[in-house]
Amino acid sequence: MSKIKSLAASLLVTATFLPAMALAGDVVTVTDITGREVEVEVPVEKVILGEGRQIYFTAALDGEDPFKRVVGWRDDFEKADNDGYHQYLEKYPEMADLPTFGGMKNGTFDVEQAVALQPDVIILNLDAKVATEEGGYIEKLGKVGIPVVYVDFREKPMENTEPSMRLIGKLYGKEDKAEEFIEFRAAEIAKVTDKLAAQSDLAKPVVFVERAGGYSDDCCMSFGNENFGKMVEMAGGINMAAEIIPGTFGTVNPEQIIASDPDQIIVTGANWELYVPGGNWVGVGAGADPEVSADKLAGLMERPGFTGVKAVRDNNVHAIWHQFYNSPYQFVAVQQIAKWLHPELFADLDPEATFQELHDRFLPIDYRPGYFVSLNSSK
Amino acid sequence: MAVSEIVPTEEGRGLYRALAFRRILVICGLIVALAFSFSLDLAIGPARYPLSEVLSALVNPSGAELQTRVVLWDIRMPIALMAITVGGCLSLAGAQMQTILANPLASPFTLGISAAASFGAALGLVAGVAIFPAAVQYMVPINAFLMAMAASLFIYLLSTVRGVTVQTIVLLGIALVFTFNALLSLLEYLASEQALAAVVFWTMGSLTKATWGKVLATFIILVVCVPFFARHSWALTALRLGDVKAASFGVNIRSLRLKTLLGVSLLAAIPVSFVGTIGFVGLVGPHIARMLVGEDQRFFLPAAILCGSLMLSATSVVSKIILPGAILPIGVITALVGVPFFFALIFADRRQSW
């Protein structure tokens, strides 16, 4: 009896370990941004990107061929960052043939299509979490052995960028590259934060960040305490809308800009020709013509809410690439904002050079300036 | 004999006069309240100017500082006026829809006009589609307007078909609401987060898009429609007694209904395409007016316009007080401000007003 028992027990043990043994060394348990523990067979060879702009981090790790793992992605890259999309398209024309998904953010995605592509992992943005959980997608995909992980570069970028990059590094089998990136990023951020921390009596300018200025004729979307709002604080400024907007995103009464009289204005923009053809947005981004951007930026300052505001009088009006808010390249934006806010203090800091270095060391594409423009040409 | 005949007539005349006088008083009260709310709307804002400065900038704009002048004349004034014209248009549209369709639930919302406008706007915001490609920069309001008019014309054309009753029109409208809502959801499903935010904000309604041009456009449509309705006020009042009775008074019901439907379409489509969906006003504004002055169009017409204007103007003030400096979607606040007042009226005045 006891023999049978122990036999049964050993059989059971073998049975439990067999599948694990067959894949031993390949399957690791990773913890994603939401704290979920997910088993993934690494390095992954087929990936579905839950957002097209996830190519920003994929390219940073898979610099030699960013599309080698990607078997499907969401269709937002072309629309949200038209210039960046075309820069990649020039070099990787095959990316136009990748299967695309729509609507993964607010609703769902086609599980059947995802399964048919047989990915080793699906990488989703944190903001897709509610929708995917409601749809029970994780369980459905789990049944066919497709793990899902969440990363985040948008909701809490300053906290989540490092763990996200580490996680992706592990999935791609590029831990070293990921660490190198994290180190580079931390060092570049420290160039700003260390210097600011050393200042005993720093005069912090009030900064108004207009989110996607000119995207619609509504004025004025802005950021609360997170994202660009946080970046402004890190760069030694006071985010004007921090106390007005309860969450991360919100809209400010145009009159408030006159009332707060900000010292600096930063407008985010990108080439949104596919979203709002001929719109008033400032099309900063890869290789954008600075004169066109500056003209459009100056045009935006003619709206009533900006009349006679200190920043406009002093020409302290700047435009910055909108997609910094959703990519691991945010540290470049922090440097540029710091330089705009404290030009003397950061006279030696060269954000363009930092971005150039990021491209040279990590990305497969050449750096094309055009991500920043300022009406104050001395800066 | 002759004496006893005269007395009740005299009495009736007195009663009628008192009633009319009371209704005129109510309308005057509404005008005063609206003027007060409009002044508050101009006086309140994140830039805390003292009242004296506001007054002098209003009376003598060229003498005021540039910023004060811009805040008052380019930011606060268009919004304050837009609240009044849009509120008036929507409420009037709702009032006449309820009259001609003999249905207390009729409003620009229930007939699918708002839903059509939302779909048109979303088409521009999400897909970048301009129905009228010549004016790309105004694509969102133009799309919204064209869609709203298409929906209205569809209802209009179908209601000219013989044998179509009022109930059929209401059902048609409801079918349109569902169709356009489904199309809107489809677009939202496909949208990027940036476009989605824009669509959601648009559908919640906002007065911040107000400009002098838009104020003028909504004002003109109001000025065009009011005389038309005023001229037919007796016929429209008669219509509320039922089609058969109205017809027996010599009212050409069919033609009146069609003309009114056309006017109502314009009244609803233009404001909605400018400020987005503000649903509550078109439904409740007329009901409040009806409770205050009754069904007689001579009083009901101005009262409905004033109630709508007052509701939206008060909302504009309240939204500035609730979250100073930020912009709250006006459609949300309208309902929150209007509902308690509406409840109070329903319970204070239990006689059957519909």
# chains A, B, ... in the order shown; residues from 1 in each chain; ligands from 1
$ residues_around --residues "A:Asp218" --least-positions-apart "3" --cutoff "9 Å" --atoms "only C-alpha atoms" --output "ChimeraX atom specification"
/A:213-215,221 /B:206,208-209
$ residues_around --residues "stretch 183-187 of chain A" --least-positions-apart "4" --cutoff "7 Å" --atoms "only C-alpha atoms" --output "PDB file with C-alpha atoms, in the first residue's frame"
ATOM      1  CA  GLU A 179      20.606  47.909 -18.118  1.00  0.00           C
ATOM      2  CA  LYS A 191      22.630  65.885 -14.879  1.00  0.00           C
ATOM      3  CA  PHE A 331      14.731  62.090 -20.092  1.00  0.00           C
TER       4      PHE A 331
END
$ interface_residues --of "chain A" --to "chain B" --cutoff "6 Å" --atoms "only C-alpha atoms" --output "PyMOL selection string"
chain A and resi 102-103+218+244+251-253+256+259+275-276
$ write_last_selection --atoms "N, CA and C atoms" --output "JSON list (two decimals), in the first residue's frame"
[["chain", "number", "residue", "atom", "x", "y", "z"],
["A", 102, "GLY", "N", -6.77, 47.48, -34.25],
["A", 102, "GLY", "CA", -7.30, 48.80, -33.91],
["A", 102, "GLY", "C", -7.91, 48.74, -32.53],
["A", 103, "GLY", "N", -8.03, 49.90, -31.91],
["A", 103, "GLY", "CA", -8.84, 50.03, -30.70],
["A", 103, "GLY", "C", -8.44, 49.23, -29.49],
["A", 218, "ASP", "N", -10.45, 73.89, -29.29],
["A", 218, "ASP", "CA", -10.67, 74.06, -27.86],
["A", 218, "ASP", "C", -9.36, 74.46, -27.20],
["A", 244, "ILE", "N", -4.92, 72.86, -10.54],
["A", 244, "ILE", "CA", -6.22, 73.08, -11.17],
["A", 244, "ILE", "C", -6.81, 71.77, -11.68],
["A", 251, "THR", "N", -8.50, 70.00, -18.69],
["A", 251, "THR", "CA", -8.59, 71.20, -19.50],
["A", 251, "THR", "C", -8.64, 72.43, -18.61],
["A", 252, "VAL", "N", -7.91, 73.45, -19.03],
["A", 252, "VAL", "CA", -7.79, 74.67, -18.24],
["A", 252, "VAL", "C", -8.58, 75.77, -18.92],
["A", 253, "ASN", "N", -9.25, 76.59, -18.14],
["A", 253, "ASN", "CA", -9.94, 77.76, -18.68],
["A", 253, "ASN", "C", -8.91, 78.70, -19.28],
["A", 256, "GLN", "N", -7.52, 81.36, -17.26],
["A", 256, "GLN", "CA", -6.60, 81.01, -16.19],
["A", 256, "GLN", "C", -5.16, 81.31, -16.57],
["A", 259, "ALA", "N", -4.66, 84.77, -15.86],
["A", 259, "ALA", "CA", -4.67, 84.99, -14.42],
["A", 259, "ALA", "C", -3.36, 84.49, -13.78],
["A", 275, "TYR", "N", -4.61, 62.78, -38.35],
["A", 275, "TYR", "CA", -5.73, 62.98, -37.43],
["A", 275, "TYR", "C", -6.51, 64.25, -37.77],
["A", 276, "VAL", "N", -5.76, 65.36, -37.85],
["A", 276, "VAL", "CA", -6.40, 66.65, -38.09],
["A", 276, "VAL", "C", -5.69, 67.31, -39.27]]
$ residues_around --residues "A:Gln87" --least-positions-apart "4" --cutoff "10 Å" --atoms "only C-alpha atoms" --output "PyMOL selection string"
chain A and resi 82-83+91-93+286-287+365-368
$ residues_around --residues "B:Leu153" --least-positions-apart "4" --cutoff "12 Å" --atoms "only C-alpha atoms" --output "number ranges by chain"
B: 111-113, 116, 145-149, 157-160, 173, 176, 258-259, 261-266, 269
$ write_last_selection --atoms "C-alpha atoms" --output "CSV table (one decimal), in the first residue's frame"
chain,number,residue,atom,x,y,z
B,111,LEU,CA,-35.0,62.6,-32.4
B,112,GLY,CA,-31.4,61.7,-33.1
B,113,ILE,CA,-30.3,65.2,-34.1
B,116,ALA,CA,-26.1,62.6,-35.7
B,145,PHE,CA,-24.1,70.4,-38.8
B,146,LEU,CA,-24.4,68.4,-42.0
B,147,MET,CA,-25.0,65.2,-40.2
B,148,ALA,CA,-27.6,66.8,-38.0
B,149,MET,CA,-29.4,68.3,-41.0
B,157,LEU,CA,-39.0,63.5,-45.7
B,158,LEU,CA,-40.4,60.4,-44.0
B,159,SER,CA,-43.0,62.4,-42.2
B,160,THR,CA,-44.3,63.8,-45.6
B,173,GLY,CA,-36.2,59.4,-34.2
B,176,LEU,CA,-31.9,57.2,-35.6
B,258,LEU,CA,-43.6,70.1,-41.5
B,259,LYS,CA,-42.6,73.8,-41.4
B,261,LEU,CA,-40.0,70.5,-38.0
B,262,LEU,CA,-37.7,72.3,-40.5
B,263,GLY,CA,-37.3,75.3,-38.1
B,264,VAL,CA,-36.7,73.0,-35.2
B,265,SER,CA,-34.0,71.2,-37.1
B,266,LEU,CA,-32.1,74.4,-37.7
B,269,ALA,CA,-28.4,71.5,-35.5
